[in-house]
Structures are given as structure tokens and as C-alpha cells.
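Heads up: the structure comes next, in C-alpha cells.
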Amino acid sequence: MDAARKKQKGYFTTGEFAKLCGVKKQTLFHYDHIGILQPEIIGKNGYRYYSYLQLDTYNAIAMLKELDIPLASIKKYLNTRTPEAFLQLLHQQDKLVDEKIAELQWLKSFIKGRITITEEGINASHDEIHVEHHPEEAYIITRYSGGSDDKNVYAALSEHIAYCHQNQIYSPYAIGGLISASDDFTSNHYSYSHLYTKIQPEDISQSVHVTIIPPQTYIAIYSTDGFDPIPGMFMRLLDFARKNKYQPGTHFFEDILLDDMSRFGFDEYTLKVSLPVCM
């Protein structure tokens with residue numbers, strides 16, 4: 001009996017070792033191929049055998065993979081491992097984990113914001129005016145000087161989005177438009193004076209100008225038929241303010257609640273038009 005055959009007692013075949021590790025045999029074949037974890041014994045017949053001591057090596061590889069370290073880097077680390085190098089690696093990964101947690105928290109906040117907006121859009125009643133009170137809110141506002149044609153509007157929207165992204169602003173809220181309350185709304189066309197993005201408190205940074213609007217009362221109306229009814233809704237809000245002895249603000253806020261993410265085309269968008277008022 002050859003030496004390799006004698007040493008097989010107490011060793012595991014590739015299949016047995018894979019089962020102990022909870023992986024497929026192909027994973028061990030790959031690790032063997034790249035030289036990160038090779039069998040301790042290879043018989044003359046080509047059979048591979050792993051030692052129980054190699055379970056610790058596999059577990060070290062699995063832990064490092066869990067930290068999203070590439071296999072090539074794991075191989076390099078294992079070939080030069082020291083307690084000091086391991087400590088340095090842990091500090092690096094600790095920092096990366098903190099960054100991932102922050103990113104996931106931001107993503108959760110973004111999703112939560114989208115849920116709130118979508119639920120409001122689903123529950124919106126077309127052409128119904130209501131009064132609502134907003135807490136302090138923060139906005140990124142850019143001036144719009146183009147006309148009412150789609151080409152100018154979309155060019156300005158792209159510039160506004162680029163400005164926000166350059167300043168690391170990724171809001172769950174769709175871009176809104178400010179419309180002067182002193183405009184003439186007798187036609188079906190209206191123009192924006194500014195574009196805005198509502199942001200969440202955690203998005204506020206010193207690198208960008210933020211407009212803070214203090215707690216405010218608004219009268220608001222919804223359109224579930226896209227943009228066509230909007231000009232008439234401006235007039236309805238102004239009439240409502242006058243009849244209820246409200247002093248209207250200088251601009252309407254136009255917000256898109258349901259867009260192409262959940263609707264087919266402009267005619268099915270759900271929008272909200274709000275007008276700040278005071279007694």
C-alpha cells in the first residue's frame with residue numbers, strides 16, 4: 001500500500017469535505033485551481049483528500065468572502081498572514097461595514113419616502129380641495145427661465161437633476177415646479193418660475209444652497225388625469241382662498257405623485273397642486 005493510501009485514514013474526500021463546509025464540490029475544485037485551498041493529499045489515482053485541519057482554513061476563507069474580499073486578495077492575505085495584518089484587515093472592514101450600513105439606511109429612507117408618495121397618489125381624490133398643514137421642509141430650488149414648451153422644460157429638468165446629483169442629492173420626491181400665482185391662467189398653458197426638489201433632513205449638506213420653508217398651511221387639489229386639468233385647478237384654489245378669507249402665497253407648488261414608474265403616459269399621471277395660505 002502506498003504512502004498516500006495510508007494517509008487517507010482520517011481524511012475526507014472532496015465530496016465529504018464539501019458537505020462539511022456546506023458548499024458544492026465545484027467550489028473546492030475552483031479553490032484548488034486558483035491555489036487558495038488545495039487538498040492535503042492527492043493520490044496516484046488523482047483522488048483528492050482534505051484534512052480536518054483544513055476546515056479552519058476554509059472557515060477563514062468563508063469569513064473573508066463574507067466581508068466581500070475578492071478571492072485573489074484572500075489568497076494574497078493567507079500567504080502572508082500575521083496577527084498584525086489580520087487586525088489591520090479587520091479595521092479596514094469595520095470602516096467598510098459602517099459605510100454599507102449608512103448606505104442601507106439611506107436606501108431604506110428613500111424607499112420609505114417613495115412608499116409615502118405612492119400611497120398619497122393612490123388615495124388621491126380628483127378635483128377635491130382640502131387643507132393641510134406641513135412641518136418645516138427643505139428644498140433645492142433652481143430658477144427656470146425657459147418657455148412652456150416641452151423641449152425647454154425637459155432641458156431644465158435635466159440640468160436640475162444634474163445639479164442635485166453633483167451635490168449628492170438623491171431624493172425620493174419627483175422634481176416639482178413653482179408657478180407664479182399672479183400668472184394668467186385663462187389658457188391651457190402655464191410656465192414654471194422655478195424647479196424644486198424636496199429633500200429629507202439627512203440630505204442637507206453645506207455644499208448646496210437649501211431653502212427652508214417654515215411650518216405652513218396649504219390648500220391642495222389633486223389631478224388624476226395628468227397635466228391638462230392643472231390650469232383650471234389654479235383658478236379653483238385661488239377662488240377657494242378668497243371665499244375662505246385666506247391670503248394666498250406667491251406661488252403654486254406642482255408635485256407629481258404617480259408617474260411612469262406606475263402609470264402609462266402623461267394622461268394617467270397623478271399630480272398635486274398646493275398653494276400656501278395664511279389667515
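By convention here, the chains of the C-alpha cells are called A, B, ... in the order presented, each chain's residues are numbered starting at 1, and ligands are numbered starting at 1 in the order presented.
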| task | List every residue of stretch 16-52 of chain A that DSSP, applied to the backbone of this structure, assigns to strand (DSSP E or B), and report them as an MDAnalysis selection string. | result | chainID A and resid 41:42 48:50
Given the selection you just returned, output its residues as a file containing C-alpha atoms, formatted as an mmCIF file, in the first residue's frame.
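Saved the output as selection-v1.cif:
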data_model
loop_
_atom_site.group_PDB
_atom_site.id
_atom_site.type_symbol
_atom_site.label_atom_id
_atom_site.label_comp_id
_atom_site.auth_asym_id
_atom_site.auth_seq_id
_atom_site.Cartn_x
_atom_site.Cartn_y
_atom_site.Cartn_z
ATOM 1 C CA ILE A 41 -3.193 14.613 -0.322
ATOM 2 C CA ILE A 42 -3.584 13.737 -3.985
ATOM 3 C CA ARG A 48 -8.116 14.398 -3.528
ATOM 4 C CA TYR A 49 -8.220 14.231 0.248
ATOM 5 C CA TYR A 50 -8.636 17.054 2.742
#
| said: Residues near stretch 160-171 of chain A, anyone? I mean within 8 Å using only C-alpha atoms, not counting same-chain ones fewer than 4 positions away, as a PyMOL selection string. | reply: chain A and resi 110+140+142+156+195-200+203+207-208
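Within the 9 Å cut-off around A:Ser274, using only C-alpha atoms and omitting residues fewer than 3 positions from it on the same chain, the listed residues are Tyr218, Ile219, Ala220, Ile221, Tyr222, Phe234, Leu237, His251, Phe252, Phe253, Glu254 and Asp255 of chain A.
Of the residues listed (A:Gln105, A:Ser180, A:Thr118, A:Asn244), A:Ser180 shows the shortest atom-to-atom separation from A:Ser193; distances use only C-alpha atoms.
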Need the shell around A:Tyr31: protein/DNA/RNA residues with any atom at most 12 Å away, counting only C-alpha atoms. Skip same-chain ones fewer than 3 positions apart. Format as a short mmCIF file (atom, residue, chain, number, x, y, z; two decimals) with all heavy atoms, in the first residue's frame?
data_model
loop_
_atom_site.label_atom_id
_atom_site.label_comp_id
_atom_site.auth_asym_id
_atom_site.auth_seq_id
_atom_site.Cartn_x
_atom_site.Cartn_y
_atom_site.Cartn_z
N THR A 14 -13.28 14.84 -1.49
CA THR A 14 -13.76 16.17 -1.89
C THR A 14 -15.25 16.32 -1.57
O THR A 14 -15.69 17.34 -1.04
CB THR A 14 -13.52 16.41 -3.39
OG1 THR A 14 -12.13 16.30 -3.67
CG2 THR A 14 -14.00 17.79 -3.80
N ALA A 18 -16.68 18.91 1.11
CA ALA A 18 -17.64 19.91 0.63
C ALA A 18 -18.89 19.91 1.50
O ALA A 18 -19.44 20.96 1.84
CB ALA A 18 -17.99 19.65 -0.83
N VAL A 23 -20.74 23.53 0.98
CA VAL A 23 -20.60 24.09 -0.37
C VAL A 23 -20.64 22.94 -1.37
O VAL A 23 -20.60 21.77 -1.02
CB VAL A 23 -19.28 24.88 -0.53
CG1 VAL A 23 -19.28 26.08 0.39
CG2 VAL A 23 -18.06 23.98 -0.26
N LYS A 24 -20.69 23.32 -2.66
CA LYS A 24 -20.63 22.32 -3.72
C LYS A 24 -19.17 21.91 -3.97
O LYS A 24 -18.25 22.68 -3.71
CB LYS A 24 -21.24 22.89 -4.99
CG LYS A 24 -22.72 23.18 -4.88
CD LYS A 24 -23.27 23.74 -6.20
CE LYS A 24 -24.75 24.02 -6.09
NZ LYS A 24 -25.31 24.58 -7.36
N LYS A 25 -19.02 20.71 -4.51
CA LYS A 25 -17.67 20.24 -4.82
C LYS A 25 -16.97 21.17 -5.81
O LYS A 25 -15.76 21.36 -5.75
CB LYS A 25 -17.73 18.82 -5.40
CG LYS A 25 -18.09 17.74 -4.41
CD LYS A 25 -17.80 16.35 -4.95
CE LYS A 25 -18.62 16.02 -6.17
NZ LYS A 25 -18.37 14.63 -6.64
N GLN A 26 -17.77 21.78 -6.71
CA GLN A 26 -17.18 22.68 -7.70
C GLN A 26 -16.47 23.85 -7.05
O GLN A 26 -15.49 24.38 -7.60
CB GLN A 26 -18.27 23.18 -8.66
CG GLN A 26 -18.75 22.14 -9.65
CD GLN A 26 -19.69 21.10 -9.04
OE1 GLN A 26 -20.12 21.24 -7.89
NE2 GLN A 26 -20.00 20.07 -9.82
N THR A 27 -16.96 24.28 -5.88
CA THR A 27 -16.30 25.39 -5.16
C THR A 27 -14.89 24.97 -4.73
O THR A 27 -13.92 25.73 -4.89
CB THR A 27 -17.12 25.81 -3.93
OG1 THR A 27 -18.41 26.25 -4.36
CG2 THR A 27 -16.43 26.92 -3.16
N LEU A 28 -14.78 23.76 -4.21
CA LEU A 28 -13.46 23.27 -3.79
C LEU A 28 -12.55 23.06 -4.99
O LEU A 28 -11.34 23.33 -4.92
CB LEU A 28 -13.61 21.97 -3.00
CG LEU A 28 -14.38 22.09 -1.66
CD1 LEU A 28 -14.44 20.73 -0.97
CD2 LEU A 28 -13.73 23.12 -0.75
N ILE A 34 -7.21 27.74 -8.25
CA ILE A 34 -6.57 29.05 -8.09
C ILE A 34 -5.53 29.04 -6.97
O ILE A 34 -4.89 30.07 -6.71
CB ILE A 34 -7.61 30.16 -7.84
CG1 ILE A 34 -8.34 29.95 -6.52
CG2 ILE A 34 -8.59 30.26 -9.01
CD1 ILE A 34 -9.32 31.07 -6.17
N GLY A 35 -5.39 27.91 -6.30
CA GLY A 35 -4.34 27.78 -5.30
C GLY A 35 -4.64 28.39 -3.96
O GLY A 35 -3.72 28.68 -3.18
N ILE A 36 -5.92 28.57 -3.65
CA ILE A 36 -6.27 29.18 -2.36
C ILE A 36 -6.51 28.13 -1.28
O ILE A 36 -6.28 28.37 -0.11
CB ILE A 36 -7.50 30.10 -2.53
CG1 ILE A 36 -7.64 31.02 -1.32
CG2 ILE A 36 -8.78 29.30 -2.74
CD1 ILE A 36 -8.72 32.07 -1.49
N LEU A 37 -6.99 26.95 -1.69
CA LEU A 37 -7.20 25.85 -0.74
C LEU A 37 -7.06 24.55 -1.54
O LEU A 37 -7.97 24.16 -2.26
CB LEU A 37 -8.58 25.93 -0.09
CG LEU A 37 -8.92 24.80 0.89
CD1 LEU A 37 -7.93 24.76 2.06
CD2 LEU A 37 -10.35 24.94 1.41
N GLN A 38 -5.92 23.90 -1.38
CA GLN A 38 -5.64 22.69 -2.14
C GLN A 38 -5.68 21.48 -1.23
O GLN A 38 -5.43 21.58 -0.03
CB GLN A 38 -4.27 22.82 -2.81
CG GLN A 38 -4.22 23.96 -3.82
CD GLN A 38 -2.83 24.14 -4.43
OE1 GLN A 38 -1.85 24.22 -3.70
NE2 GLN A 38 -2.78 24.23 -5.75
N PRO A 39 -6.04 20.32 -1.77
CA PRO A 39 -6.09 19.10 -0.95
C PRO A 39 -4.73 18.82 -0.33
O PRO A 39 -3.68 19.12 -0.91
CB PRO A 39 -6.47 18.01 -1.97
CG PRO A 39 -7.01 18.74 -3.15
CD PRO A 39 -6.33 20.07 -3.18
N THR A 57 -8.94 26.58 7.69
CA THR A 57 -8.56 27.41 6.54
C THR A 57 -9.79 27.77 5.72
O THR A 57 -9.96 28.92 5.30
CB THR A 57 -7.54 26.68 5.66
OG1 THR A 57 -6.41 26.34 6.45
CG2 THR A 57 -7.11 27.57 4.50
N TYR A 58 -10.66 26.77 5.50
CA TYR A 58 -11.88 27.06 4.74
C TYR A 58 -12.73 28.10 5.46
O TYR A 58 -13.25 29.02 4.83
CB TYR A 58 -12.71 25.79 4.50
CG TYR A 58 -14.03 26.15 3.86
CD1 TYR A 58 -14.13 26.37 2.50
CD2 TYR A 58 -15.17 26.34 4.66
CE1 TYR A 58 -15.31 26.78 1.92
CE2 TYR A 58 -16.36 26.75 4.08
CZ TYR A 58 -16.42 26.97 2.72
OH TYR A 58 -17.59 27.38 2.15
N ILE A 61 -11.41 31.49 4.89
CA ILE A 61 -11.75 31.97 3.54
C ILE A 61 -13.21 32.41 3.50
O ILE A 61 -13.55 33.46 2.95
CB ILE A 61 -11.49 30.85 2.51
CG1 ILE A 61 -10.00 30.55 2.41
CG2 ILE A 61 -12.05 31.25 1.14
CD1 ILE A 61 -9.68 29.30 1.60
N ALA A 62 -14.09 31.59 4.10
CA ALA A 62 -15.53 31.92 4.09
C ALA A 62 -15.79 33.25 4.81
O ALA A 62 -16.62 34.06 4.36
CB ALA A 62 -16.32 30.79 4.74
N LEU A 71 -11.30 36.83 -4.03
CA LEU A 71 -10.52 35.63 -3.78
C LEU A 71 -9.03 35.86 -4.00
O LEU A 71 -8.19 35.32 -3.26
CB LEU A 71 -11.00 34.49 -4.68
CG LEU A 71 -12.36 33.88 -4.30
CD1 LEU A 71 -12.77 32.83 -5.34
CD2 LEU A 71 -12.30 33.25 -2.91
N ALA A 72 -8.68 36.67 -5.00
CA ALA A 72 -7.27 36.95 -5.24
C ALA A 72 -6.64 37.65 -4.04
O ALA A 72 -5.49 37.35 -3.65
CB ALA A 72 -7.12 37.82 -6.50
N ILE A 74 -7.79 37.42 -0.95
CA ILE A 74 -7.77 36.43 0.14
C ILE A 74 -6.54 35.55 0.03
O ILE A 74 -5.86 35.27 1.02
CB ILE A 74 -9.06 35.59 0.12
CG1 ILE A 74 -10.28 36.46 0.48
CG2 ILE A 74 -8.95 34.42 1.11
CD1 ILE A 74 -11.60 35.73 0.37
N LYS A 75 -6.25 35.11 -1.19
CA LYS A 75 -5.08 34.26 -1.40
C LYS A 75 -3.81 34.99 -0.98
O LYS A 75 -2.95 34.44 -0.27
CB LYS A 75 -4.99 33.85 -2.87
CG LYS A 75 -3.78 32.98 -3.18
CD LYS A 75 -3.72 32.63 -4.66
CE LYS A 75 -2.47 31.82 -4.96
NZ LYS A 75 -2.39 31.49 -6.41
#
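With only C-alpha atoms as the basis for measurement, A:Met235 is the residue among A:Pro214, A:His194, A:Pro229, A:Met235 that approaches A:Ser182 most closely.
Atom CA of A:Asn59 lies 23.3 Å from atom CA of A:Asp98.
Reported to one decimal place, the separation of atom CA of A:Glu16 from atom CA of A:Gly46 is 16.0 Å.
One distance worth recording is that between atom CA of A:Leu157 and atom CA of A:Tyr192, which is 11.2 Å.
Residues in contact range of A:Leu258, defined as at most 6 Å between only C-alpha atoms, with sequence neighbours fewer than 3 positions away removed, read Gly121, Tyr269 and Thr270 of chain A.
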All helix (DSSP H, G or I) residues (DSSP, backbone) inside stretch 133-255 of chain A, as a compact mmCIF listing (two decimals) with all heavy atoms, in the first residue's frame:
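Full text of selection-v6.txt as output:
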# COMPACT_ATOMS: atom_id res chain seq x y z
N ASP A 150 -42.23 71.72 -24.20
CA ASP A 150 -41.64 70.55 -23.56
C ASP A 150 -40.12 70.51 -23.66
O ASP A 150 -39.44 70.11 -22.71
CB ASP A 150 -42.23 69.27 -24.16
CG ASP A 150 -43.68 69.08 -23.80
OD1 ASP A 150 -44.14 69.73 -22.84
OD2 ASP A 150 -44.36 68.29 -24.47
N LYS A 151 -39.58 70.93 -24.81
CA LYS A 151 -38.14 70.86 -25.01
C LYS A 151 -37.40 71.69 -23.96
O LYS A 151 -36.42 71.23 -23.35
CB LYS A 151 -37.78 71.33 -26.41
CG LYS A 151 -36.30 71.19 -26.75
CD LYS A 151 -36.01 71.58 -28.19
CE LYS A 151 -34.53 71.40 -28.51
NZ LYS A 151 -34.23 71.77 -29.92
N ASN A 152 -37.84 72.93 -23.73
CA ASN A 152 -37.20 73.80 -22.74
C ASN A 152 -37.36 73.23 -21.33
O ASN A 152 -36.43 73.27 -20.53
CB ASN A 152 -37.80 75.21 -22.80
CG ASN A 152 -37.30 75.99 -24.00
OD1 ASN A 152 -36.23 75.70 -24.53
ND2 ASN A 152 -38.06 76.98 -24.42
N VAL A 153 -38.55 72.74 -21.04
CA VAL A 153 -38.82 72.22 -19.70
C VAL A 153 -37.92 71.02 -19.40
O VAL A 153 -37.30 70.93 -18.34
CB VAL A 153 -40.31 71.82 -19.54
CG1 VAL A 153 -40.52 71.10 -18.21
CG2 VAL A 153 -41.20 73.06 -19.60
N TYR A 154 -37.83 70.09 -20.36
CA TYR A 154 -37.03 68.89 -20.11
C TYR A 154 -35.54 69.18 -20.06
O TYR A 154 -34.79 68.53 -19.33
CB TYR A 154 -37.35 67.82 -21.15
CG TYR A 154 -38.58 67.02 -20.79
CD1 TYR A 154 -39.82 67.38 -21.28
CD2 TYR A 154 -38.49 65.95 -19.90
CE1 TYR A 154 -40.96 66.68 -20.92
CE2 TYR A 154 -39.61 65.24 -19.53
CZ TYR A 154 -40.85 65.60 -20.05
OH TYR A 154 -41.97 64.90 -19.67
N ALA A 155 -35.10 70.17 -20.81
CA ALA A 155 -33.69 70.58 -20.72
C ALA A 155 -33.40 71.13 -19.32
O ALA A 155 -32.37 70.81 -18.71
CB ALA A 155 -33.38 71.63 -21.77
N ALA A 156 -34.34 71.93 -18.79
CA ALA A 156 -34.16 72.49 -17.45
C ALA A 156 -34.25 71.39 -16.39
O ALA A 156 -33.51 71.43 -15.39
CB ALA A 156 -35.22 73.56 -17.19
N LEU A 157 -35.14 70.42 -16.59
CA LEU A 157 -35.25 69.31 -15.65
C LEU A 157 -33.93 68.53 -15.58
O LEU A 157 -33.47 68.15 -14.50
CB LEU A 157 -36.38 68.37 -16.06
CG LEU A 157 -37.81 68.87 -15.84
CD1 LEU A 157 -38.81 67.92 -16.49
CD2 LEU A 157 -38.12 69.01 -14.35
N SER A 158 -33.33 68.30 -16.74
CA SER A 158 -32.05 67.58 -16.79
C SER A 158 -30.97 68.34 -16.06
O SER A 158 -30.16 67.76 -15.32
CB SER A 158 -31.64 67.35 -18.24
OG SER A 158 -32.57 66.51 -18.90
N GLU A 159 -30.93 69.66 -16.23
CA GLU A 159 -29.94 70.48 -15.54
C GLU A 159 -30.17 70.46 -14.03
O GLU A 159 -29.21 70.40 -13.25
CB GLU A 159 -30.00 71.92 -16.06
CG GLU A 159 -29.51 72.08 -17.50
CD GLU A 159 -29.65 73.50 -17.99
OE1 GLU A 159 -30.08 74.38 -17.20
OE2 GLU A 159 -29.35 73.75 -19.18
N HIS A 160 -31.44 70.48 -13.63
CA HIS A 160 -31.76 70.45 -12.20
C HIS A 160 -31.32 69.12 -11.59
O HIS A 160 -30.72 69.08 -10.51
CB HIS A 160 -33.27 70.65 -12.01
CG HIS A 160 -33.70 70.66 -10.58
ND1 HIS A 160 -33.77 71.82 -9.82
CD2 HIS A 160 -34.08 69.65 -9.74
CE1 HIS A 160 -34.17 71.52 -8.60
NE2 HIS A 160 -34.36 70.21 -8.54
N ILE A 161 -31.61 68.02 -12.29
CA ILE A 161 -31.21 66.70 -11.81
C ILE A 161 -29.69 66.61 -11.69
O ILE A 161 -29.16 66.12 -10.69
CB ILE A 161 -31.74 65.60 -12.75
CG1 ILE A 161 -33.26 65.52 -12.66
CG2 ILE A 161 -31.11 64.25 -12.41
CD1 ILE A 161 -33.88 64.60 -13.70
N ALA A 162 -28.99 67.11 -12.72
CA ALA A 162 -27.52 67.08 -12.70
C ALA A 162 -26.98 67.87 -11.52
O ALA A 162 -26.04 67.45 -10.84
CB ALA A 162 -26.97 67.63 -14.02
N TYR A 163 -27.59 69.02 -11.25
CA TYR A 163 -27.17 69.86 -10.12
C TYR A 163 -27.33 69.09 -8.80
O TYR A 163 -26.44 69.11 -7.94
CB TYR A 163 -27.97 71.14 -10.10
CG TYR A 163 -27.70 72.04 -8.91
CD1 TYR A 163 -26.54 72.80 -8.85
CD2 TYR A 163 -28.60 72.12 -7.85
CE1 TYR A 163 -26.27 73.61 -7.76
CE2 TYR A 163 -28.34 72.93 -6.75
CZ TYR A 163 -27.19 73.68 -6.71
OH TYR A 163 -26.93 74.47 -5.63
N CYS A 164 -28.47 68.43 -8.65
CA CYS A 164 -28.71 67.66 -7.42
C CYS A 164 -27.71 66.52 -7.28
O CYS A 164 -27.13 66.32 -6.21
CB CYS A 164 -30.14 67.12 -7.41
SG CYS A 164 -31.42 68.37 -7.17
N HIS A 165 -27.48 65.79 -8.37
CA HIS A 165 -26.58 64.65 -8.30
C HIS A 165 -25.14 65.07 -8.06
O HIS A 165 -24.39 64.38 -7.35
CB HIS A 165 -26.68 63.83 -9.59
CG HIS A 165 -27.98 63.08 -9.71
ND1 HIS A 165 -28.29 62.27 -10.78
CD2 HIS A 165 -29.05 63.04 -8.88
CE1 HIS A 165 -29.48 61.75 -10.60
NE2 HIS A 165 -29.97 62.20 -9.46
N GLN A 166 -24.75 66.21 -8.63
CA GLN A 166 -23.40 66.72 -8.38
C GLN A 166 -23.19 67.01 -6.89
O GLN A 166 -22.06 66.96 -6.39
CB GLN A 166 -23.16 67.99 -9.19
CG GLN A 166 -22.97 67.76 -10.68
CD GLN A 166 -23.05 69.03 -11.48
OE1 GLN A 166 -23.12 70.13 -10.93
NE2 GLN A 166 -23.05 68.92 -12.81
N PRO A 201 -34.17 65.66 5.74
CA PRO A 201 -33.18 66.32 6.61
C PRO A 201 -31.78 65.73 6.49
O PRO A 201 -30.79 66.47 6.52
CB PRO A 201 -33.76 66.10 8.02
CG PRO A 201 -35.24 65.98 7.80
CD PRO A 201 -35.39 65.29 6.47
N GLU A 202 -31.68 64.40 6.32
CA GLU A 202 -30.35 63.78 6.25
C GLU A 202 -29.62 64.09 4.95
O GLU A 202 -28.42 63.84 4.84
CB GLU A 202 -30.46 62.26 6.42
CG GLU A 202 -31.35 61.58 5.41
CD GLU A 202 -32.79 61.42 5.90
OE1 GLU A 202 -33.23 62.24 6.72
OE2 GLU A 202 -33.45 60.48 5.44
N ASP A 203 -30.34 64.66 3.96
CA ASP A 203 -29.71 65.00 2.69
C ASP A 203 -29.11 66.41 2.69
O ASP A 203 -28.43 66.80 1.74
CB ASP A 203 -30.72 64.90 1.54
CG ASP A 203 -31.16 63.46 1.29
OD1 ASP A 203 -30.32 62.57 1.48
OD2 ASP A 203 -32.31 63.24 0.92
N ILE A 230 -54.71 71.04 -14.86
CA ILE A 230 -53.98 71.87 -13.90
C ILE A 230 -54.33 73.36 -13.97
O ILE A 230 -54.59 73.98 -12.93
CB ILE A 230 -52.45 71.66 -14.05
CG1 ILE A 230 -52.07 70.20 -13.77
CG2 ILE A 230 -51.69 72.60 -13.12
CD1 ILE A 230 -52.40 69.74 -12.37
N PRO A 231 -54.36 74.01 -15.15
CA PRO A 231 -54.67 75.45 -15.17
C PRO A 231 -55.99 75.79 -14.48
O PRO A 231 -56.08 76.78 -13.74
CB PRO A 231 -54.71 75.78 -16.67
CG PRO A 231 -53.80 74.77 -17.29
CD PRO A 231 -54.03 73.51 -16.51
N GLY A 232 -57.01 74.98 -14.71
CA GLY A 232 -58.29 75.22 -14.05
C GLY A 232 -58.21 75.04 -12.55
O GLY A 232 -58.92 75.70 -11.78
N MET A 233 -57.31 74.17 -12.10
CA MET A 233 -57.14 73.94 -10.67
C MET A 233 -56.48 75.13 -9.99
O MET A 233 -56.77 75.42 -8.82
CB MET A 233 -56.33 72.66 -10.44
CG MET A 233 -57.08 71.40 -10.84
SD MET A 233 -56.12 69.89 -10.58
CE MET A 233 -57.41 68.66 -10.86
N PHE A 234 -55.60 75.83 -10.71
CA PHE A 234 -55.03 77.06 -10.16
C PHE A 234 -56.15 78.04 -9.80
O PHE A 234 -56.17 78.62 -8.71
CB PHE A 234 -54.08 77.72 -11.16
CG PHE A 234 -52.84 76.92 -11.46
CD1 PHE A 234 -52.27 76.95 -12.73
CD2 PHE A 234 -52.23 76.15 -10.49
CE1 PHE A 234 -51.13 76.23 -13.03
CE2 PHE A 234 -51.07 75.43 -10.77
CZ PHE A 234 -50.53 75.47 -12.04
N MET A 235 -57.08 78.23 -10.73
CA MET A 235 -58.19 79.17 -10.51
C MET A 235 -59.08 78.70 -9.36
O MET A 235 -59.54 79.51 -8.56
CB MET A 235 -59.00 79.32 -11.79
CG MET A 235 -58.23 79.92 -12.97
SD MET A 235 -57.56 81.56 -12.57
CE MET A 235 -59.07 82.47 -12.20
N ARG A 236 -59.32 77.41 -9.29
CA ARG A 236 -60.17 76.89 -8.21
C ARG A 236 -59.53 77.14 -6.85
O ARG A 236 -60.23 77.48 -5.89
CB ARG A 236 -60.40 75.40 -8.42
CG ARG A 236 -61.41 75.07 -9.53
CD ARG A 236 -62.00 73.70 -9.35
NE ARG A 236 -62.66 73.59 -8.04
CZ ARG A 236 -62.91 72.44 -7.43
NH1 ARG A 236 -62.54 71.30 -7.98
NH2 ARG A 236 -63.51 72.43 -6.26
N LEU A 237 -58.22 76.96 -6.76
CA LEU A 237 -57.56 77.20 -5.48
C LEU A 237 -57.60 78.68 -5.09
O LEU A 237 -57.83 79.02 -3.92
CB LEU A 237 -56.11 76.71 -5.55
CG LEU A 237 -55.90 75.18 -5.57
CD1 LEU A 237 -54.43 74.85 -5.75
CD2 LEU A 237 -56.43 74.54 -4.29
N LEU A 238 -57.40 79.55 -6.07
CA LEU A 238 -57.48 81.00 -5.78
C LEU A 238 -58.89 81.39 -5.35
O LEU A 238 -59.07 82.19 -4.41
CB LEU A 238 -57.04 81.79 -7.01
CG LEU A 238 -55.55 81.73 -7.34
CD1 LEU A 238 -55.28 82.38 -8.70
CD2 LEU A 238 -54.71 82.40 -6.25
N ASP A 239 -59.89 80.84 -6.00
CA ASP A 239 -61.29 81.12 -5.61
C ASP A 239 -61.58 80.59 -4.21
O ASP A 239 -62.24 81.26 -3.40
CB ASP A 239 -62.26 80.49 -6.62
CG ASP A 239 -62.26 81.19 -7.97
OD1 ASP A 239 -61.79 82.35 -8.02
OD2 ASP A 239 -62.72 80.58 -8.95
N PHE A 240 -61.07 79.41 -3.92
CA PHE A 240 -61.28 78.80 -2.60
C PHE A 240 -60.63 79.67 -1.52
O PHE A 240 -61.22 79.89 -0.44
CB PHE A 240 -60.68 77.39 -2.58
CG PHE A 240 -60.89 76.64 -1.29
CD1 PHE A 240 -62.01 75.85 -1.10
CD2 PHE A 240 -59.96 76.72 -0.25
CE1 PHE A 240 -62.20 75.16 0.09
CE2 PHE A 240 -60.14 76.02 0.93
CZ PHE A 240 -61.27 75.25 1.09
N ALA A 241 -59.41 80.14 -1.80
CA ALA A 241 -58.71 81.00 -0.83
C ALA A 241 -59.52 82.28 -0.57
O ALA A 241 -59.69 82.70 0.58
CB ALA A 241 -57.32 81.33 -1.34
N ARG A 242 -60.01 82.88 -1.63
CA ARG A 242 -60.77 84.13 -1.49
C ARG A 242 -62.06 83.91 -0.69
O ARG A 242 -62.38 84.69 0.22
CB ARG A 242 -61.07 84.70 -2.87
CG ARG A 242 -61.79 86.05 -2.84
CD ARG A 242 -61.92 86.68 -4.21
NE ARG A 242 -62.66 85.81 -5.13
CZ ARG A 242 -62.08 85.10 -6.11
NH1 ARG A 242 -60.76 85.16 -6.28
NH2 ARG A 242 -62.81 84.33 -6.89
N LYS A 243 -62.79 82.87 -1.01
CA LYS A 243 -64.06 82.60 -0.34
C LYS A 243 -63.88 82.26 1.13
O LYS A 243 -64.77 82.50 1.96
CB LYS A 243 -64.79 81.46 -1.05
CG LYS A 243 -65.31 81.83 -2.43
CD LYS A 243 -65.94 80.63 -3.11
CE LYS A 243 -66.44 81.00 -4.51
NZ LYS A 243 -67.01 79.82 -5.22
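With distances restricted to only C-alpha atoms, A:Thr224 is the closest residue to A:Asn123 from A:Thr224, A:Gln54, A:Thr217, A:Thr13.
Proximity to A:Ser262 was assessed for A:Gly176, A:Lys95, A:Ile117, A:Ile101 counting only C-alpha atoms; the smallest distance is recorded for A:Ile117.
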